[in-house]
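Written out below as structure tokens is the structure these notes cover.
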Amino acid sequence: MTQSPQDLCHALMDAAKKAGADGVDTMAAKGQSVSIEVREGALEHAERSEGIDLGLRVFVGRQQALVSSSDARPETLLAMAERAVAMAKEAPEDPYSGLADPSQLIEDWDLAAFELEDPAVEPAPEALKDDALAAEAACQAIEGITQVQSAGASYGSHSVHLAASNGFSGGYRRTSRSLSCVGIAGTGTGMERDYDGDSRTYQSDLRAAADIGRIAGERAVERLDARKPVTGTYPVLFDERISSSLIGHLLGAVNGASIARGSSWLKDNLGEQVLPAHLSVIEDPFRPRITGSRPFDGEGLPTQRRAIVQDGVLTGWTLDLASARKLGLESSGNAARGIGSVPSPSNWNIELTPGDQSREDLIRGMGTGLLVTSMIGSTINPNTGDYSRGASGFWVENGEIAYPVNECTIAGNLRDMLMRIIPANDARNYLSRVVPSLLIEGMTLAGN
């Protein structure tokens, strides 16, 4: 009989203890997925995968080692344990490594409240194909679309379990359902492409396939006949599709691993203002049906709702156990762990305080400037916050969109940029990062 992720975790732990480990933590993930792609009204690609992955971390004193495998046979579990213990004995000591104290562990949780698993029946491959075809047809019907590059639908479910020798044992199961479409407009060197897509925990929450295809096509056509904007200093409006990247840079700068290394442009700003005074960044891992939600972190500690920035002031770092120990602090319950990697700090669901204006209001008020809808590449100095990225979008004149633009670069300093952000009210509240369009005055724009 196939063993559950929970059974495999405990079997691995027992094997590691017998092999001589002083401390053990294990992770097992079992999943399956189905993906369908169509092209020109016919099936282009179909894939189904199933598998199980195992991760084992052992401690011998303050020495640690990590091994992983996708083979769940008993003899493989024993070999993994023996190999991990042998590796740990040869590893250098790490004074900050180690399992959580039992007093730090989560004691109980209401998994049903998180709604991580859709109770509906898994969709048949034919249903996925129908959705992909509907998206493709809606995109192709848009005047100006020359071809649909891809349209696809997928479904996945996976179970994960964590167990450790400090007494922690817990897991959950997630489902996901996604749909996407990429349209191409124009021909030759004048071709432009754009996309739309959606991904949800529950099938019933997924946006309509026809809407996704239509929006992908409309976005691609809108980008035709793009030109370079003029060089200068202008207001830049980051569209809601890409605005979360700015908050992502803030989150990266308050990550405990970066703080412990001293490689963050915010390392000396704890307790200081980093955003306008009326804005906060709230982390909430308890939102139902959201991908970033979870009751406990990768080290068995309870997650928590917290203000990373409260009324513009930076309140704390994002910490796992190791980075917290290095800094002489307590973990914030933000350890993320992969099968083949040790825990590291990571954020869960994030929300930035919305503004009281629509995106259209901000466009009307910005006069002449750039609306950015996509970005490529990046040069971010982690120590200074200097920022430079390639961008494309639309040129705004007299408060109205005038024409599409591409092949330009926007630059500034993140510390200054974040202090000047003006948020719209158009954030999508079903995303893990709920960030509206953001206007920043006075950015450097390099074009013609």
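Residues in the structure tokens are numbered from 1 in each chain, the chains being A, B, ... in the order shown, and ligands are numbered from 1 in the order shown.
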
Surrounding residues of Val121 of chain A excluding itself and chain neighbours under 5 positions, 12 Å, only C-alpha atoms, as a PyMOL selection string = chain A and resi 127+155-157+175+177+202-204

For segment 35-39 of chain A, work out the shell of residues within 12 Å, counting only C-alpha atoms and skipping chain neighbours fewer than 6 positions away, then give it as a ChimeraX atom specification.
-> /A:45-49,123-137,139-140,147-156,176-183

Would you list the contacts of Phe114 of chain A as an MDAnalysis selection string, taking every protein, DNA or RNA residue within 12 Å and counting only C-alpha atoms, but skipping same-chain residues closer than 5 positions in sequence?
-> chainID A and resid 109 172:174 201 284:296

Same residues, C-alpha atoms, output as a JSON list (two decimals), in the first residue's frame:
```json
[["chain", "number", "residue", "atom", "x", "y", "z"],
["A", 109, "TRP", "CA", -4.91, 24.84, 14.08],
["A", 172, "TYR", "CA", -2.13, 19.98, 4.50],
["A", 173, "ARG", "CA", -3.38, 19.48, 0.97],
["A", 174, "ARG", "CA", -3.77, 22.19, -1.69],
["A", 201, "THR", "CA", -7.58, 27.44, -5.38],
["A", 284, "ASP", "CA", -1.89, 37.91, 6.64],
["A", 285, "PRO", "CA", -1.37, 34.13, 6.23],
["A", 286, "PHE", "CA", -4.95, 33.36, 7.30],
["A", 287, "ARG", "CA", -6.86, 34.50, 4.20],
["A", 288, "PRO", "CA", -9.07, 31.66, 2.87],
["A", 289, "ARG", "CA", -8.38, 30.21, -0.60],
["A", 290, "ILE", "CA", -5.15, 32.19, -1.12],
["A", 291, "THR", "CA", -1.90, 30.56, -2.20],
["A", 292, "GLY", "CA", 0.20, 32.24, 0.50],
["A", 293, "SER", "CA", -2.00, 31.06, 3.37],
["A", 294, "ARG", "CA", -0.81, 28.44, 5.86],
["A", 295, "PRO", "CA", -1.23, 27.69, 9.57],
["A", 296, "PHE", "CA", 2.45, 27.02, 10.28]]
```

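Atom CA of His161 of chain A is found 9.0 Å from atom CA of Lys30 of chain A.
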
Could you name the residues that touch Thr444 of chain A at 8 Å or less, counting only C-alpha atoms, but leaving out those on the same chain fewer than 6 positions away, as a short mmCIF file (atom, residue, chain, number, x, y, z; two decimals) with N, CA, C and O atoms, in the first residue's frame?
```
data_model
loop_
_atom_site.label_atom_id
_atom_site.label_comp_id
_atom_site.auth_asym_id
_atom_site.auth_seq_id
_atom_site.Cartn_x
_atom_site.Cartn_y
_atom_site.Cartn_z
N THR A 231 13.47 61.10 -23.43
CA THR A 231 14.26 61.02 -22.20
C THR A 231 13.96 62.24 -21.32
O THR A 231 13.78 63.35 -21.81
N GLY A 232 13.90 61.99 -20.03
CA GLY A 232 13.65 63.10 -19.10
C GLY A 232 13.19 62.60 -17.75
O GLY A 232 13.30 61.41 -17.43
N THR A 233 12.68 63.51 -16.95
CA THR A 233 12.15 63.17 -15.62
C THR A 233 10.64 63.34 -15.65
O THR A 233 10.14 64.44 -15.94
N TYR A 234 9.93 62.24 -15.37
CA TYR A 234 8.48 62.24 -15.50
C TYR A 234 7.83 61.41 -14.38
O TYR A 234 8.49 60.57 -13.76
N ILE A 410 13.55 52.89 -16.84
CA ILE A 410 13.17 53.77 -15.73
C ILE A 410 14.15 53.55 -14.59
O ILE A 410 14.60 52.43 -14.34
N ALA A 411 14.51 54.63 -13.91
CA ALA A 411 15.54 54.54 -12.88
C ALA A 411 15.23 55.47 -11.72
O ALA A 411 14.55 56.50 -11.87
N GLY A 412 15.73 55.11 -10.57
CA GLY A 412 15.58 55.91 -9.37
C GLY A 412 16.24 55.21 -8.21
O GLY A 412 17.04 54.29 -8.39
#
```

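Atom CA of Gly390 of chain A is found 12.4 Å from atom CA of Pro229 of chain A.
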
Write down as a ChimeraX atom specification the residues of segment 58-246 of chain A whose backbone DSSP state falls under strand (DSSP E or B).
-> /A:58-60,63-69,145-164,169-185,192-200,227,232-238

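Near Met443 of chain A, within a cut-off of 12 Å and counting only C-alpha atoms, sit the residues Thr231, Gly232, Thr233, Tyr234, Pro235, Val236, Leu237, Phe238, Gly369, Leu370, Tyr387, Ser388, Arg389, Thr409, Ile410, Ala411, Gly412, Asn413, Leu414, Asp416, Met417, Leu418, Arg420, Ile421 and Leu439 of chain A, with same-chain residues fewer than 4 positions away left out.
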
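Between Glu192 of chain A and the residues A:Lys89, A:Arg223, A:Arg83, A:Arg214, the shortest atom-to-atom distance, using only C-alpha atoms, involves A:Arg223.
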
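The environment of segment 341-350 of chain A within 7 Å, counting only C-alpha atoms and disregarding residues fewer than 5 places along the same chain, consists of Asn255, Gly256, Ala257, Val281, Ile282, Glu283, Asp284, Pro285, Gly292, Ser293, Gly298, Thr318, Leu319, Asp320, Asn334, Ala335, Ala336, Ser432, Arg433 and Val434 of chain A.
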
Resulting file, chosen residues, N, CA and C atoms, as a PDB file, in the first residue's frame:
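Output file selection-v9.pdb is given in full below:
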```
ATOM      1  N   ASN A 255      14.108  41.184   4.578  1.00  0.00           N
ATOM      2  CA  ASN A 255      14.290  39.752   4.785  1.00  0.00           C
ATOM      3  C   ASN A 255      15.438  39.522   5.762  1.00  0.00           C
ATOM      4  N   GLY A 256      15.198  38.688   6.752  1.00  0.00           N
ATOM      5  CA  GLY A 256      16.182  38.479   7.801  1.00  0.00           C
ATOM      6  C   GLY A 256      17.518  37.977   7.318  1.00  0.00           C
ATOM      7  N   ALA A 257      17.527  37.169   6.252  1.00  0.00           N
ATOM      8  CA  ALA A 257      18.803  36.672   5.725  1.00  0.00           C
ATOM      9  C   ALA A 257      19.651  37.828   5.204  1.00  0.00           C
ATOM     10  N   VAL A 281       1.937  47.964   5.252  1.00  0.00           N
ATOM     11  CA  VAL A 281       2.088  46.689   4.561  1.00  0.00           C
ATOM     12  C   VAL A 281       1.769  45.598   5.574  1.00  0.00           C
ATOM     13  N   ILE A 282       0.661  44.902   5.351  1.00  0.00           N
ATOM     14  CA  ILE A 282       0.176  43.897   6.282  1.00  0.00           C
ATOM     15  C   ILE A 282       0.395  42.496   5.702  1.00  0.00           C
ATOM     16  N   GLU A 283       0.960  41.623   6.517  1.00  0.00           N
ATOM     17  CA  GLU A 283       1.095  40.218   6.137  1.00  0.00           C
ATOM     18  C   GLU A 283       0.000  39.416   6.847  1.00  0.00           C
ATOM     19  N   ASP A 284      -0.766  38.657   6.067  1.00  0.00           N
ATOM     20  CA  ASP A 284      -1.886  37.907   6.639  1.00  0.00           C
ATOM     21  C   ASP A 284      -1.921  36.497   6.045  1.00  0.00           C
ATOM     22  N   PRO A 285      -1.385  35.505   6.753  1.00  0.00           N
ATOM     23  CA  PRO A 285      -1.375  34.130   6.233  1.00  0.00           C
ATOM     24  C   PRO A 285      -2.661  33.371   6.467  1.00  0.00           C
ATOM     25  N   GLY A 292      -0.788  31.980  -0.535  1.00  0.00           N
ATOM     26  CA  GLY A 292       0.200  32.242   0.498  1.00  0.00           C
ATOM     27  C   GLY A 292      -0.274  31.917   1.901  1.00  0.00           C
ATOM     28  N   SER A 293      -1.452  31.343   2.041  1.00  0.00           N
ATOM     29  CA  SER A 293      -2.002  31.063   3.370  1.00  0.00           C
ATOM     30  C   SER A 293      -1.499  29.728   3.895  1.00  0.00           C
ATOM     31  N   GLY A 298       7.713  26.555   7.772  1.00  0.00           N
ATOM     32  CA  GLY A 298       8.521  25.387   7.452  1.00  0.00           C
ATOM     33  C   GLY A 298       9.311  24.831   8.603  1.00  0.00           C
ATOM     34  N   THR A 318      11.612  40.021   8.536  1.00  0.00           N
ATOM     35  CA  THR A 318      11.000  38.725   8.221  1.00  0.00           C
ATOM     36  C   THR A 318      12.014  37.647   8.564  1.00  0.00           C
ATOM     37  N   LEU A 319      11.713  36.808   9.573  1.00  0.00           N
ATOM     38  CA  LEU A 319      12.731  35.947  10.163  1.00  0.00           C
ATOM     39  C   LEU A 319      12.329  34.475  10.205  1.00  0.00           C
ATOM     40  N   ASP A 320      13.299  33.618   9.953  1.00  0.00           N
ATOM     41  CA  ASP A 320      13.200  32.217  10.321  1.00  0.00           C
ATOM     42  C   ASP A 320      14.051  32.021  11.572  1.00  0.00           C
ATOM     43  N   ASN A 334       8.217  32.821   9.664  1.00  0.00           N
ATOM     44  CA  ASN A 334       8.258  33.007   8.212  1.00  0.00           C
ATOM     45  C   ASN A 334       9.256  32.092   7.523  1.00  0.00           C
ATOM     46  N   ALA A 335       9.501  30.915   8.084  1.00  0.00           N
ATOM     47  CA  ALA A 335      10.427  29.982   7.447  1.00  0.00           C
ATOM     48  C   ALA A 335       9.739  29.251   6.298  1.00  0.00           C
ATOM     49  N   ALA A 336      10.347  29.311   5.125  1.00  0.00           N
ATOM     50  CA  ALA A 336       9.872  28.543   3.979  1.00  0.00           C
ATOM     51  C   ALA A 336      10.904  27.472   3.679  1.00  0.00           C
ATOM     52  N   SER A 432      -2.187  36.793  -3.810  1.00  0.00           N
ATOM     53  CA  SER A 432      -1.399  36.679  -2.592  1.00  0.00           C
ATOM     54  C   SER A 432      -0.744  38.013  -2.245  1.00  0.00           C
ATOM     55  N   ARG A 433      -0.398  38.801  -3.259  1.00  0.00           N
ATOM     56  CA  ARG A 433       0.121  40.147  -3.033  1.00  0.00           C
ATOM     57  C   ARG A 433      -0.912  41.153  -3.557  1.00  0.00           C
ATOM     58  N   VAL A 434      -1.596  41.791  -2.645  1.00  0.00           N
ATOM     59  CA  VAL A 434      -2.660  42.731  -3.000  1.00  0.00           C
ATOM     60  C   VAL A 434      -2.054  44.134  -3.015  1.00  0.00           C
TER      61      VAL A 434
END
```

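As for atom CA of Ala65 of chain A and atom CA of Val85 of chain A, they are spaced 7.2 Å apart.
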
Gly300 of chain A: which residues within 9 Å, counting only C-alpha atoms, same-chain residues fewer than 2 positions away excluded, as a ChimeraX atom specification?
-> /A:100,104-106,162-164,168-170,296-298,302-303,333,335

Could you give me the residues within segment 207-408 of chain A that DSSP places in helix (DSSP H, G or I), as a PyMOL selection string?
-> chain A and resi 209-222+244-253+256-261+321-327+359-366

Store the residues picked out above, limited to N, CA and C atoms, as a short mmCIF file (atom, residue, chain, number, x, y, z; two decimals), in the first residue's frame.
```cif
data_model
loop_
_atom_site.label_atom_id
_atom_site.label_comp_id
_atom_site.auth_asym_id
_atom_site.auth_seq_id
_atom_site.Cartn_x
_atom_site.Cartn_y
_atom_site.Cartn_z
N ALA A 209 -13.13 31.73 -19.24
CA ALA A 209 -12.11 31.53 -20.27
C ALA A 209 -12.22 32.57 -21.37
N ALA A 210 -13.43 32.89 -21.77
CA ALA A 210 -13.63 33.87 -22.85
C ALA A 210 -13.11 35.25 -22.44
N ASP A 211 -13.28 35.62 -21.19
CA ASP A 211 -12.78 36.91 -20.72
C ASP A 211 -11.26 36.95 -20.76
N ILE A 212 -10.63 35.85 -20.34
CA ILE A 212 -9.16 35.80 -20.33
C ILE A 212 -8.62 35.90 -21.75
N GLY A 213 -9.21 35.18 -22.69
CA GLY A 213 -8.75 35.26 -24.08
C GLY A 213 -8.97 36.64 -24.68
N ARG A 214 -10.15 37.21 -24.42
CA ARG A 214 -10.45 38.54 -24.97
C ARG A 214 -9.47 39.60 -24.45
N ILE A 215 -9.22 39.59 -23.16
CA ILE A 215 -8.32 40.60 -22.59
C ILE A 215 -6.90 40.41 -23.11
N ALA A 216 -6.45 39.16 -23.26
CA ALA A 216 -5.11 38.92 -23.82
C ALA A 216 -5.01 39.52 -25.22
N GLY A 217 -6.06 39.32 -26.03
CA GLY A 217 -6.04 39.87 -27.38
C GLY A 217 -6.07 41.38 -27.40
N GLU A 218 -6.94 41.98 -26.59
CA GLU A 218 -7.03 43.43 -26.55
C GLU A 218 -5.71 44.05 -26.10
N ARG A 219 -5.07 43.45 -25.12
CA ARG A 219 -3.80 43.98 -24.64
C ARG A 219 -2.72 43.92 -25.72
N ALA A 220 -2.68 42.83 -26.48
CA ALA A 220 -1.68 42.71 -27.54
C ALA A 220 -1.90 43.76 -28.62
N VAL A 221 -3.14 43.97 -29.03
CA VAL A 221 -3.45 44.95 -30.09
C VAL A 221 -3.12 46.36 -29.63
N GLU A 222 -3.37 46.65 -28.36
CA GLU A 222 -3.08 47.98 -27.82
C GLU A 222 -1.59 48.33 -27.90
N SER A 244 3.30 45.13 -7.75
CA SER A 244 3.72 44.36 -6.58
C SER A 244 5.23 44.14 -6.55
N SER A 245 5.90 44.29 -7.71
CA SER A 245 7.35 44.13 -7.72
C SER A 245 8.03 45.20 -6.87
N LEU A 246 7.44 46.40 -6.82
CA LEU A 246 8.03 47.45 -5.99
C LEU A 246 7.97 47.09 -4.51
N ILE A 247 6.81 46.59 -4.07
CA ILE A 247 6.69 46.15 -2.69
C ILE A 247 7.56 44.91 -2.47
N GLY A 248 7.75 44.12 -3.52
CA GLY A 248 8.64 42.97 -3.43
C GLY A 248 10.07 43.38 -3.10
N HIS A 249 10.52 44.51 -3.65
CA HIS A 249 11.86 44.99 -3.33
C HIS A 249 11.95 45.43 -1.86
N LEU A 250 10.87 46.01 -1.35
CA LEU A 250 10.83 46.36 0.06
C LEU A 250 10.90 45.11 0.92
N LEU A 251 10.13 44.09 0.56
CA LEU A 251 10.12 42.84 1.32
C LEU A 251 11.50 42.17 1.28
N GLY A 252 12.16 42.24 0.13
CA GLY A 252 13.51 41.67 0.05
C GLY A 252 14.49 42.38 0.95
N ALA A 253 14.31 43.68 1.10
CA ALA A 253 15.23 44.47 1.93
C ALA A 253 15.01 44.24 3.42
N GLY A 256 15.20 38.69 6.75
CA GLY A 256 16.18 38.48 7.80
C GLY A 256 17.52 37.98 7.32
N ALA A 257 17.53 37.17 6.25
CA ALA A 257 18.80 36.67 5.73
C ALA A 257 19.65 37.83 5.20
N SER A 258 19.02 38.79 4.51
CA SER A 258 19.76 39.96 4.01
C SER A 258 20.21 40.85 5.16
N ILE A 259 19.37 41.02 6.17
CA ILE A 259 19.73 41.84 7.32
C ILE A 259 20.91 41.22 8.06
N ALA A 260 20.87 39.90 8.25
CA ALA A 260 21.96 39.22 8.96
C ALA A 260 23.28 39.33 8.21
N ARG A 261 23.21 39.36 6.87
CA ARG A 261 24.43 39.52 6.06
C ARG A 261 24.88 40.97 5.99
N LEU A 321 14.21 30.79 12.02
CA LEU A 321 14.96 30.57 13.25
C LEU A 321 16.42 30.96 13.14
N ALA A 322 17.08 30.56 12.03
CA ALA A 322 18.50 30.83 11.90
C ALA A 322 18.80 32.33 11.84
N SER A 323 18.06 33.07 11.01
CA SER A 323 18.33 34.50 10.90
C SER A 323 17.97 35.21 12.21
N ALA A 324 16.93 34.74 12.90
CA ALA A 324 16.57 35.33 14.19
C ALA A 324 17.68 35.13 15.21
N ARG A 325 18.24 33.93 15.24
CA ARG A 325 19.33 33.67 16.19
C ARG A 325 20.56 34.54 15.88
N LYS A 326 20.85 34.72 14.62
CA LYS A 326 21.99 35.57 14.25
C LYS A 326 21.79 37.00 14.72
N LEU A 327 20.55 37.46 14.73
CA LEU A 327 20.24 38.84 15.09
C LEU A 327 19.84 39.00 16.55
N ARG A 359 -7.30 54.05 -11.02
CA ARG A 359 -6.14 54.19 -11.91
C ARG A 359 -6.39 55.30 -12.92
N GLU A 360 -7.61 55.40 -13.41
CA GLU A 360 -7.94 56.45 -14.38
C GLU A 360 -7.79 57.84 -13.76
N ASP A 361 -8.13 57.98 -12.48
CA ASP A 361 -7.94 59.26 -11.79
C ASP A 361 -6.46 59.63 -11.75
N LEU A 362 -5.61 58.65 -11.46
CA LEU A 362 -4.17 58.93 -11.39
C LEU A 362 -3.62 59.29 -12.76
N ILE A 363 -4.11 58.62 -13.81
CA ILE A 363 -3.67 58.95 -15.17
C ILE A 363 -4.06 60.39 -15.51
N ARG A 364 -5.28 60.76 -15.18
CA ARG A 364 -5.72 62.13 -15.48
C ARG A 364 -4.90 63.16 -14.71
N GLY A 365 -4.49 62.81 -13.52
CA GLY A 365 -3.77 63.77 -12.71
C GLY A 365 -2.27 63.82 -12.95
N MET A 366 -1.73 62.86 -13.69
CA MET A 366 -0.26 62.82 -13.84
C MET A 366 0.23 63.72 -14.98
#
```

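Each of A:Glu351, A:Asp239, A:Glu272, A:Asp426 was compared to Ser374 of chain A using only C-alpha atoms, and A:Asp239 turns out to be the nearest.
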
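Each of A:Val309, A:Ala72, A:Val254, A:Leu99 was compared to Gly167 of chain A using only C-alpha atoms, and A:Leu99 turns out to be the nearest.
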